[in-house]
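Enquirer: Take a look at this one; I'll ask things after.
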Amino acid sequence: MRRRIIGALAGVTTTLFLAGCATNAPQDTWQPKGPNAQKIDNLQKPVFAVAGIIGVIVTVAIIVAVIKFRDKGQPIPHQSHGNPALEITLTIIPALILTVVGVFTFRTVFDLAKTSDTEMIINVTGQQWWWEYDYPVQNEFGITQPIITSGQLVIPAGTKVLLRQTSRDVIHSYWIPALNGKRDAVPGRVHLNRIEADKPGIYAGQCTEFCGLSHANMRMEAVALSKEDFAKWVANQLKPYTPPAENTLAKEGETVFMNQCIRCHQVNGMKRADGTPVIAAPDENVVSGAAPNLSHLMTRNTFAGATFDLLNKSCREDVWNADSESFGAKYLTGVTEDCLNQSDLRGWLRNAPAMKPMYANPALLASTGGKYRGMPNLGLTESDIEKLVAYLLTLK
Amino acid sequence: MFSTGSKYFFGISVLGAVSFAVYMLLIGESAIGATALFGLVAAAGLLTALVLFTRDGDAGEEGVAASTAAPTPSMWPLIGAIGAALLLVGTITSAVVTLLGIVVLLAALVEWTVLSWSERASSDASYNASLRKRLLNPIEFPVLAAVGLGVVIFSFSRVTLAVEKSVGATAFIVVGALVLAAGVLFSLRPNLKRGIVIGVCVIGAVALVAAGIAGLGVGVREELVLAKEEGHYTHQECGAEESEHFDKLPLEVISATASVDSTISLVDGKLVASVQGIAGEQNSITIPRSNPTNIVFYNASEGEYRLVANLGKKMVTDGVNEDVIQCTQLIPQGAKQLLTLTIPKPAMAGKPYTLTVPGLAGQSIEVIVP
Ligand SMILES: [Cu+2]
């Protein structure tokens, strides 16, 4: 019996240990891809080593003591009451070790808190269960109008970006392990978080502060582009809205969108038949007061808190596994009709809460004054979905 | 040499001292850090000394035989029963009563448990009583003091709400002075008869509670009733001139200024914005839609000014639009005040949201809501 328990324990431990050796682990904290994460890594490696050595020494000492001095019926040894010299030594040694660790930790903390060398500002707003990014006007990057997007944070590589983080509802936490440590997004406060990527590529992350039902489905990705590619991305985000051509499926989709979706989702530049601009009212329909801006939906390649792919499997792999030279061009292609992940997008339109748990049952909204947390099931017909997909594909 | 407890505090003192030295020599980035570390060293040092001096507070407890006596009579079971009753009554009346019931019940449970435990500790009743005291007095005294203070504050505040503003202030000074005088008297004359001391205290307490009850009966003074009815606390008058009500009630902003998105300063007749995390002065601020955003107005110019947020129009009834305006009070030079903006929608083209100062032409900060 005892053997078996020990065997099982050993098995579990080994499995857990080996699980740390995954090769494809995009959220690995030991693989920094930018200077801020590098600083943390430079600190954590030696500290981990020191702590590991001490941990092994202490564990071995305890095991030896437990086995060697176990009760074998021997007389109780002489009891002494303290040994000042030994105790002082054993106080001072750890104090010194901790002091050395402390000095370097503080250095890193102050380094990571620096904002004076910022080159670019992005406002990051968390809400249940997705992230919104807005880029204030910054002419040096060609951002002549504010840009607003969600899920995927697009940044120029080799640029010191400062995220100004806040939240519209509960506390969330922003963490792209390859680029920096985590920082909470707290309602009513602005927290600063610097990130920078060395090379173009996609860097995955996940909300790291428990924030309710779909916390596990609140992901995010930082997409770094070369400076030229970033300029192209900006230019495309600033492109004015082009309504779909008359008598197309997409045009019918636009009508469905106006009837069903604009009460929550903003599409910049969209106009009603009488020429008045369409302004969404998420503040009247969603608890957080926001829903993703869909103006350029098909330029991102994931959706709903970066939980589902907008690209089908082969197209996704093509982009995600691209090397840093060819990555930018592939990312900027966005989602084409051939590459669209039809099943997930249709599934989302058919019944969003079934794909991602959300408080979106109209019968249970008394406590929120009828407002949803998340996107409800709108009961669309298959033909409406068909039209909507055609329309959404034009939002590039 | 070292008692068990002192080793722990000694360790903390040494660690603190070393960190303090290292901090000062190598980092020294902020006075807060240095103060905190020095405070840690001082506190831990003090505790070390205390614990060494009292030898961990060890008292010889050995050598006292076990108890055989019957339990002493006590009020706690009765109080516990009242607590339980309150708890039940609360479930059908109000949550406050339930809460009170829980507190009373818990207090009774703790007191009763400790009491009966201490009664069995030894055969020496006075030793048992001292054991009980040693455990519970450190909790009882502060709790009683807090309850007493609460009663005093509540009673007195009823009085000040009922009488005129100036009368309230005078009463406060007079009563305070009386309490001080009595305190001084008691400490100068430690041999004063017990009866006199108790008498003075009881009379004072009864008078205060009676005044509070009277104040409750009279109700709050008319001015406050009016202000509440007319909504003067919330009604904002955002012009250049002083407004009759709004400018008289100071807004409570101290806690909110801990989380500021941007500060709008009026310097030499010019309006400039400094945004957290962005270097340099800005002439626009960008804030997310539907998100409460704290903005501080800082008046660095001579004269009294207020900041006004012009946030477009909203429809009140069909076809009737009203300007959406929010503003701070008139604040003097050197003062700061907070404004929390929650803007649900982007501005219409050609009609930007702005922050302006009445009486100051040509100065405005644009508020961009993407
Ligand atoms: Cu979250």
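Just remember, in the structure tokens the first chain shown is A, the second B, etc., residues are 1-based per chain, and ligands are 1-based in the order shown.
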Any residue with an atom at most 7 Å from ligand 1 counts, using only C-alpha atoms and all ligand atoms. Which are they? Put them as a PyMOL selection string.
Expert: chain A and resi 126-129+171-173+207-211+215+218
Enquirer: Please check the contacts: residues of chain A at most 7 Å away from chain B, using only C-alpha atoms, listed as a list of chain:residue names.
Expert: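 On the chain A side, the interface is A:Thr91, A:Ala95, A:Thr99, A:Thr115, A:Ser116, A:Pro136, A:Pro146, A:Ile148, A:Arg168, A:Gly188, A:Arg189, A:Val190, A:Leu192, A:Asp283, A:Gly289, A:Ala290.
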Enquirer: Could the residues in this selection be saved with N, CA and C atoms as a PDB file, in the first residue's frame?
Expert:
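What follows is the written file part12.pdb:
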ATOM      1  N   THR A  91      20.743  34.089  11.246  1.00  0.00           N
ATOM      2  CA  THR A  91      19.902  35.239  10.913  1.00  0.00           C
ATOM      3  C   THR A  91      20.585  36.096   9.864  1.00  0.00           C
ATOM      4  N   ALA A  95      19.724  37.076   5.806  1.00  0.00           N
ATOM      5  CA  ALA A  95      19.496  38.515   5.643  1.00  0.00           C
ATOM      6  C   ALA A  95      20.374  39.045   4.524  1.00  0.00           C
ATOM      7  N   THR A  99      19.138  40.574   1.059  1.00  0.00           N
ATOM      8  CA  THR A  99      19.497  41.956   0.748  1.00  0.00           C
ATOM      9  C   THR A  99      20.033  42.070  -0.671  1.00  0.00           C
ATOM     10  N   THR A 115       8.985  55.819 -17.359  1.00  0.00           N
ATOM     11  CA  THR A 115       8.118  56.168 -18.488  1.00  0.00           C
ATOM     12  C   THR A 115       8.702  57.306 -19.312  1.00  0.00           C
ATOM     13  N   SER A 116       9.839  57.847 -18.868  1.00  0.00           N
ATOM     14  CA  SER A 116      10.344  59.051 -19.524  1.00  0.00           C
ATOM     15  C   SER A 116      10.826  58.785 -20.945  1.00  0.00           C
ATOM     16  N   PRO A 136      -4.350  57.178 -29.130  1.00  0.00           N
ATOM     17  CA  PRO A 136      -4.569  58.622 -29.260  1.00  0.00           C
ATOM     18  C   PRO A 136      -3.790  59.154 -30.465  1.00  0.00           C
ATOM     19  N   PRO A 146      -7.852  59.132 -33.850  1.00  0.00           N
ATOM     20  CA  PRO A 146      -7.731  58.015 -32.906  1.00  0.00           C
ATOM     21  C   PRO A 146      -8.094  56.695 -33.595  1.00  0.00           C
ATOM     22  N   ILE A 148      -9.193  52.628 -32.936  1.00  0.00           N
ATOM     23  CA  ILE A 148      -9.749  51.804 -31.869  1.00  0.00           C
ATOM     24  C   ILE A 148      -9.911  50.378 -32.355  1.00  0.00           C
ATOM     25  N   ARG A 168     -13.311  48.952 -17.283  1.00  0.00           N
ATOM     26  CA  ARG A 168     -14.657  49.511 -17.232  1.00  0.00           C
ATOM     27  C   ARG A 168     -15.543  48.822 -16.206  1.00  0.00           C
ATOM     28  N   GLY A 188     -11.297  53.093 -12.650  1.00  0.00           N
ATOM     29  CA  GLY A 188     -11.059  54.402 -12.056  1.00  0.00           C
ATOM     30  C   GLY A 188      -9.602  54.764 -11.932  1.00  0.00           C
ATOM     31  N   ARG A 189      -8.707  53.852 -12.241  1.00  0.00           N
ATOM     32  CA  ARG A 189      -7.286  54.174 -12.131  1.00  0.00           C
ATOM     33  C   ARG A 189      -6.608  53.966 -13.476  1.00  0.00           C
ATOM     34  N   VAL A 190      -5.497  54.652 -13.682  1.00  0.00           N
ATOM     35  CA  VAL A 190      -4.709  54.434 -14.884  1.00  0.00           C
ATOM     36  C   VAL A 190      -3.378  53.834 -14.444  1.00  0.00           C
ATOM     37  N   LEU A 192       0.314  52.216 -15.600  1.00  0.00           N
ATOM     38  CA  LEU A 192       1.214  52.294 -16.744  1.00  0.00           C
ATOM     39  C   LEU A 192       1.998  50.994 -16.885  1.00  0.00           C
ATOM     40  N   ASP A 283     -23.522  51.687 -24.114  1.00  0.00           N
ATOM     41  CA  ASP A 283     -23.780  52.113 -22.734  1.00  0.00           C
ATOM     42  C   ASP A 283     -25.196  51.767 -22.304  1.00  0.00           C
ATOM     43  N   GLY A 289     -20.547  49.024 -20.698  1.00  0.00           N
ATOM     44  CA  GLY A 289     -20.726  50.221 -21.511  1.00  0.00           C
ATOM     45  C   GLY A 289     -19.949  50.167 -22.807  1.00  0.00           C
ATOM     46  N   ALA A 290     -19.472  48.985 -23.195  1.00  0.00           N
ATOM     47  CA  ALA A 290     -18.688  48.907 -24.423  1.00  0.00           C
ATOM     48  C   ALA A 290     -18.852  47.549 -25.090  1.00  0.00           C
TER      49      ALA A 290
END
Enquirer: Extract the full set of helix (DSSP H, G or I) residues from stretch 7-170 of chain A according to DSSP on the backbone, and format it as a ChimeraX atom specification.
Expert: /A:7-19,35-68,84-112,139-141
Enquirer: Stretch 62-297 of chain A: which residues are strand (DSSP E or B) by DSSP, as a VMD selection string?
Expert: chain A and resid 120 to 127 130 to 135 138 143 147 to 150 152 to 156 161 to 167 172 to 174 183 to 185 187 191 to 195 201 to 206 219 to 225 271 277 286
Enquirer: Next, the residues of the selection above should be written as a tab-separated table (two decimals), in the first residue's frame with C-alpha atoms.
Expert:
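Result went into part-v9.tsv, see below:
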chain	number	residue	atom	x	y	z
A	120	MET	CA	4.25	55.55	-28.23
A	121	ILE	CA	1.08	55.62	-26.13
A	122	ILE	CA	-1.82	53.19	-26.28
A	123	ASN	CA	-4.83	53.25	-23.96
A	124	VAL	CA	-5.83	49.75	-22.89
A	125	THR	CA	-9.27	49.20	-21.39
A	126	GLY	CA	-10.32	45.85	-19.96
A	127	GLN	CA	-13.89	44.69	-19.51
A	130	TRP	CA	-12.11	41.29	-23.81
A	131	TRP	CA	-9.56	44.08	-24.15
A	132	GLU	CA	-10.03	47.32	-26.05
A	133	TYR	CA	-7.12	49.36	-27.38
A	134	ASP	CA	-7.29	52.95	-28.44
A	135	TYR	CA	-4.46	54.88	-29.99
A	138	GLN	CA	0.25	60.61	-32.62
A	143	ILE	CA	-2.01	58.33	-36.36
A	147	ILE	CA	-7.66	54.30	-33.78
A	148	ILE	CA	-9.75	51.80	-31.87
A	149	THR	CA	-9.49	48.04	-31.96
A	150	SER	CA	-9.74	45.00	-29.69
A	152	GLN	CA	-4.98	42.05	-30.78
A	153	LEU	CA	-2.69	44.88	-29.74
A	154	VAL	CA	-0.71	45.99	-32.78
A	155	ILE	CA	2.62	47.69	-32.03
A	156	PRO	CA	5.72	48.65	-34.00
A	161	VAL	CA	5.25	51.48	-26.08
A	162	LEU	CA	3.51	52.65	-22.93
A	163	LEU	CA	0.15	51.08	-22.18
A	164	ARG	CA	-2.18	53.21	-20.08
A	165	GLN	CA	-4.38	50.55	-18.56
A	166	THR	CA	-7.77	50.84	-16.94
A	167	SER	CA	-10.99	48.85	-16.65
A	172	HIS	CA	-8.41	42.62	-14.89
A	173	SER	CA	-4.72	42.11	-15.45
A	174	TYR	CA	-2.72	42.51	-18.65
A	183	ARG	CA	-0.03	44.75	-14.49
A	184	ASP	CA	-3.58	45.07	-13.12
A	185	ALA	CA	-6.21	47.15	-14.90
A	187	PRO	CA	-11.55	50.67	-12.62
A	191	HIS	CA	-1.83	51.98	-14.53
A	192	LEU	CA	1.21	52.29	-16.74
A	193	ASN	CA	2.82	49.27	-18.37
A	194	ARG	CA	5.71	49.47	-20.81
A	195	ILE	CA	6.15	46.86	-23.49
A	201	GLY	CA	5.60	38.33	-34.49
A	202	ILE	CA	2.57	37.40	-32.39
A	203	TYR	CA	2.94	37.18	-28.63
A	204	ALA	CA	0.13	35.56	-26.67
A	205	GLY	CA	-1.21	36.45	-23.24
A	206	GLN	CA	-4.17	36.01	-20.98
A	219	ARG	CA	-7.10	36.40	-23.89
A	220	MET	CA	-5.04	38.87	-25.84
A	221	GLU	CA	-2.24	38.95	-28.32
A	222	ALA	CA	0.39	41.55	-29.00
A	223	VAL	CA	1.24	41.75	-32.67
A	224	ALA	CA	4.55	43.43	-33.45
A	225	LEU	CA	5.12	44.71	-36.98
A	271	LYS	CA	-24.41	56.07	-42.29
A	277	PRO	CA	-24.12	58.83	-38.90
A	286	VAL	CA	-23.95	46.24	-21.98
Enquirer: Excluding stretch 108-119 of chain B and any residue of its chain fewer than 3 positions from it, enumerate the residues within 12 Å of it, using only C-alpha atoms, and give them as a VMD selection string.
Expert: chain B and resid 66 to 84 101 to 105 122 to 137 139 to 140
Enquirer: Those selected residues, please, written with N, CA and C atoms and delivered as a CSV table (one decimal), in the first residue's frame.
Expert:
chain,number,residue,atom,x,y,z
B,66,ALA,N,-5.5,21.7,39.8
B,66,ALA,CA,-6.7,21.9,39.0
B,66,ALA,C,-7.9,22.3,39.8
B,67,SER,N,-9.0,22.8,39.1
B,67,SER,CA,-10.1,23.4,39.8
B,67,SER,C,-11.1,22.3,40.2
B,68,THR,N,-11.9,22.6,41.2
B,68,THR,CA,-13.0,21.7,41.6
B,68,THR,C,-14.3,22.6,41.8
B,69,ALA,N,-14.1,23.9,41.8
B,69,ALA,CA,-15.2,24.8,42.2
B,69,ALA,C,-16.3,24.8,41.1
B,70,ALA,N,-17.5,25.2,41.5
B,70,ALA,CA,-18.6,25.3,40.6
B,70,ALA,C,-18.4,26.6,39.8
B,71,PRO,N,-19.0,26.7,38.6
B,71,PRO,CA,-18.9,27.9,37.8
B,71,PRO,C,-19.5,29.2,38.5
B,72,THR,N,-18.9,30.3,38.2
B,72,THR,CA,-19.5,31.6,38.8
B,72,THR,C,-20.6,32.0,38.0
B,73,PRO,N,-21.6,32.7,38.6
B,73,PRO,CA,-22.7,33.2,37.8
B,73,PRO,C,-22.3,34.2,36.7
B,74,SER,N,-22.9,34.3,35.6
B,74,SER,CA,-22.5,35.1,34.5
B,74,SER,C,-23.6,35.6,33.7
B,75,MET,N,-23.5,36.8,33.1
B,75,MET,CA,-24.5,37.4,32.2
B,75,MET,C,-24.4,36.9,30.8
B,76,TRP,N,-23.3,36.4,30.4
B,76,TRP,CA,-23.1,36.1,29.0
B,76,TRP,C,-24.1,35.2,28.3
B,77,PRO,N,-24.5,34.1,29.0
B,77,PRO,CA,-25.5,33.3,28.4
B,77,PRO,C,-26.8,34.1,28.0
B,78,LEU,N,-27.2,34.9,28.9
B,78,LEU,CA,-28.4,35.8,28.7
B,78,LEU,C,-28.1,36.7,27.4
B,79,ILE,N,-26.9,37.3,27.4
B,79,ILE,CA,-26.6,38.2,26.3
B,79,ILE,C,-26.6,37.4,25.0
B,80,GLY,N,-26.0,36.2,25.1
B,80,GLY,CA,-26.0,35.4,23.9
B,80,GLY,C,-27.4,35.1,23.4
B,81,ALA,N,-28.3,34.8,24.3
B,81,ALA,CA,-29.7,34.5,23.9
B,81,ALA,C,-30.3,35.7,23.2
B,82,ILE,N,-30.0,36.9,23.8
B,82,ILE,CA,-30.5,38.1,23.1
B,82,ILE,C,-30.0,38.3,21.7
B,83,GLY,N,-28.7,38.0,21.6
B,83,GLY,CA,-28.0,38.0,20.2
B,83,GLY,C,-28.8,37.1,19.3
B,84,ALA,N,-29.0,35.9,19.7
B,84,ALA,CA,-29.7,34.9,18.8
B,84,ALA,C,-31.1,35.4,18.4
B,101,GLY,N,-27.2,41.2,15.8
B,101,GLY,CA,-27.4,40.0,16.5
B,101,GLY,C,-26.1,39.1,16.3
B,102,ILE,N,-25.5,39.1,15.1
B,102,ILE,CA,-24.3,38.3,14.9
B,102,ILE,C,-23.2,38.8,15.8
B,103,VAL,N,-23.0,40.1,15.8
B,103,VAL,CA,-21.9,40.7,16.6
B,103,VAL,C,-22.1,40.3,18.1
B,104,VAL,N,-23.3,40.5,18.6
B,104,VAL,CA,-23.6,40.2,20.0
B,104,VAL,C,-23.4,38.8,20.3
B,105,LEU,N,-23.9,37.9,19.4
B,105,LEU,CA,-23.8,36.5,19.6
B,105,LEU,C,-22.3,36.1,19.7
B,122,SER,N,-7.5,26.5,37.3
B,122,SER,CA,-6.8,26.1,38.6
B,122,SER,C,-7.9,26.1,39.7
B,123,SER,N,-7.4,25.8,40.9
B,123,SER,CA,-8.3,25.9,42.0
B,123,SER,C,-8.4,27.2,42.7
B,124,ASP,N,-7.5,28.1,42.2
B,124,ASP,CA,-7.4,29.5,42.8
B,124,ASP,C,-8.3,30.5,42.0
B,125,ALA,N,-9.4,30.9,42.6
B,125,ALA,CA,-10.4,31.7,41.9
B,125,ALA,C,-9.8,33.0,41.4
B,126,SER,N,-9.0,33.6,42.3
B,126,SER,CA,-8.4,34.9,41.9
B,126,SER,C,-7.4,34.8,40.7
B,127,TYR,N,-6.7,33.7,40.8
B,127,TYR,CA,-5.7,33.4,39.7
B,127,TYR,C,-6.5,33.2,38.4
B,128,ASN,N,-7.6,32.5,38.5
B,128,ASN,CA,-8.4,32.2,37.3
B,128,ASN,C,-9.0,33.5,36.7
B,129,ALA,N,-9.4,34.4,37.6
B,129,ALA,CA,-10.0,35.7,37.2
B,129,ALA,C,-8.9,36.5,36.4
B,130,SER,N,-7.7,36.4,37.0
B,130,SER,CA,-6.6,37.2,36.4
B,130,SER,C,-6.2,36.6,35.0
B,131,LEU,N,-6.4,35.3,34.9
B,131,LEU,CA,-6.1,34.7,33.6
B,131,LEU,C,-7.1,35.2,32.5
B,132,ARG,N,-8.4,35.2,32.9
B,132,ARG,CA,-9.5,35.7,32.0
B,132,ARG,C,-9.2,37.1,31.6
B,133,LYS,N,-8.8,37.9,32.6
B,133,LYS,CA,-8.5,39.3,32.2
B,133,LYS,C,-7.3,39.5,31.3
B,134,ARG,N,-6.3,38.7,31.5
B,134,ARG,CA,-5.1,38.8,30.7
B,134,ARG,C,-5.5,38.5,29.2
B,135,LEU,N,-6.4,37.5,29.0
B,135,LEU,CA,-6.8,37.2,27.7
B,135,LEU,C,-7.7,38.2,27.0
B,136,LEU,N,-8.7,38.6,27.8
B,136,LEU,CA,-9.8,39.3,27.2
B,136,LEU,C,-9.7,40.9,27.3
B,137,ASN,N,-9.1,41.3,28.4
B,137,ASN,CA,-9.0,42.8,28.5
B,137,ASN,C,-8.5,43.5,27.3
B,139,ILE,N,-8.9,42.9,24.4
B,139,ILE,CA,-9.9,43.1,23.4
B,139,ILE,C,-11.1,44.0,23.9
B,140,GLU,N,-11.5,43.7,25.2
B,140,GLU,CA,-12.6,44.3,25.7
B,140,GLU,C,-12.5,45.8,25.8
Enquirer: Need the shell around B:Phe9: protein/DNA/RNA residues with any atom at most 9 Å away, counting only C-alpha atoms. Skip same-chain ones fewer than 6 positions apart. Format as a list in words?
Expert: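 Residues meeting the cut-off are Ala44, Gly45, Leu46, Leu47, Thr48, Ala49 and Val51 of chain B.
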Enquirer: Work out how far apart atom CA of B:Ile32 and atom CA of A:Leu96 are and give it in Å to one decimal.
Expert: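 Taking atom CA of B:Ile32 and atom CA of A:Leu96, their separation equals 22.7 Å.
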Enquirer: Can you list, as a list in words, every protein, DNA or RNA residue that comes within 10 Å of A:Lys33 when you count only C-alpha atoms, leaving out same-chain residues fewer than 6 positions away?
Expert: Pro177, Ala178, Leu179, Asn180, Glu196, Ala197, Asp198, Lys199, Pro200, Gly201 and Tyr203 of chain A
Enquirer: Just write the chosen residues, C-alpha atoms, as a short mmCIF file (atom, residue, chain, number, x, y, z; two decimals), in the first residue's frame.
Expert:
data_model
loop_
_atom_site.label_atom_id
_atom_site.label_comp_id
_atom_site.auth_asym_id
_atom_site.auth_seq_id
_atom_site.Cartn_x
_atom_site.Cartn_y
_atom_site.Cartn_z
CA PRO A 177 4.74 37.03 -20.74
CA ALA A 178 7.18 37.37 -23.64
CA LEU A 179 7.12 41.17 -23.45
CA ASN A 180 6.80 42.17 -19.79
CA GLU A 196 8.48 46.46 -26.41
CA ALA A 197 9.05 43.61 -28.85
CA ASP A 198 12.44 43.00 -30.42
CA LYS A 199 11.10 41.42 -33.59
CA PRO A 200 7.86 41.19 -35.56
CA GLY A 201 5.60 38.33 -34.49
CA TYR A 203 2.94 37.18 -28.63
#
Enquirer: Would you work out the distance separating atom CA of B:Arg306 from atom CA of B:Ile331, expressed in Å to one decimal?
Expert: 6.2 Å
Enquirer: Have a look at A:Ala157, A:Leu43, A:Cys315, A:Val278 and name the one nearest to A:Asn341; count only C-alpha atoms.
Expert: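 For A:Asn341, the nearest of the given residues is A:Cys315.
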Enquirer: Work out how far atom CA of A:Ile53 is from atom CA of A:Arg3, in Å to one decimal.
Expert: 28.6 Å
Enquirer: May I have the residues within 8 Å of stretch 242-255 of chain A as a ChimeraX atom specification, using only C-alpha atoms and disregarding those fewer than 3 positions away in the same chain?
Expert: /A:258-259,270,384,386-392,394
Enquirer: Could you save the residues just selected, with C-alpha atoms, as a PDB file, in the first residue's frame?
Expert:
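The new file selection-v7.pdb reads:
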ATOM      1  CA  MET A 258     -28.086  48.048 -38.767  1.00  0.00           C
ATOM      2  CA  ASN A 259     -31.140  46.320 -37.374  1.00  0.00           C
ATOM      3  CA  MET A 270     -21.388  53.992 -41.273  1.00  0.00           C
ATOM      4  CA  ASP A 384     -29.363  36.513 -41.877  1.00  0.00           C
ATOM      5  CA  GLU A 386     -25.190  34.213 -44.394  1.00  0.00           C
ATOM      6  CA  LYS A 387     -25.681  37.913 -45.168  1.00  0.00           C
ATOM      7  CA  LEU A 388     -23.883  39.086 -42.040  1.00  0.00           C
ATOM      8  CA  VAL A 389     -20.822  36.974 -42.777  1.00  0.00           C
ATOM      9  CA  ALA A 390     -20.662  38.439 -46.274  1.00  0.00           C
ATOM     10  CA  TYR A 391     -20.927  41.904 -44.773  1.00  0.00           C
ATOM     11  CA  LEU A 392     -18.394  41.348 -41.979  1.00  0.00           C
ATOM     12  CA  THR A 394     -15.977  43.680 -46.084  1.00  0.00           C
TER      13      THR A 394
END
Enquirer: Do a neighbour search on B:Gln337 at 7 Å with only C-alpha atoms, toss out local chain neighbours closer than 4 positions, and write the hits as a PyMOL selection string.
Expert: chain B and resi 253+296-298+328
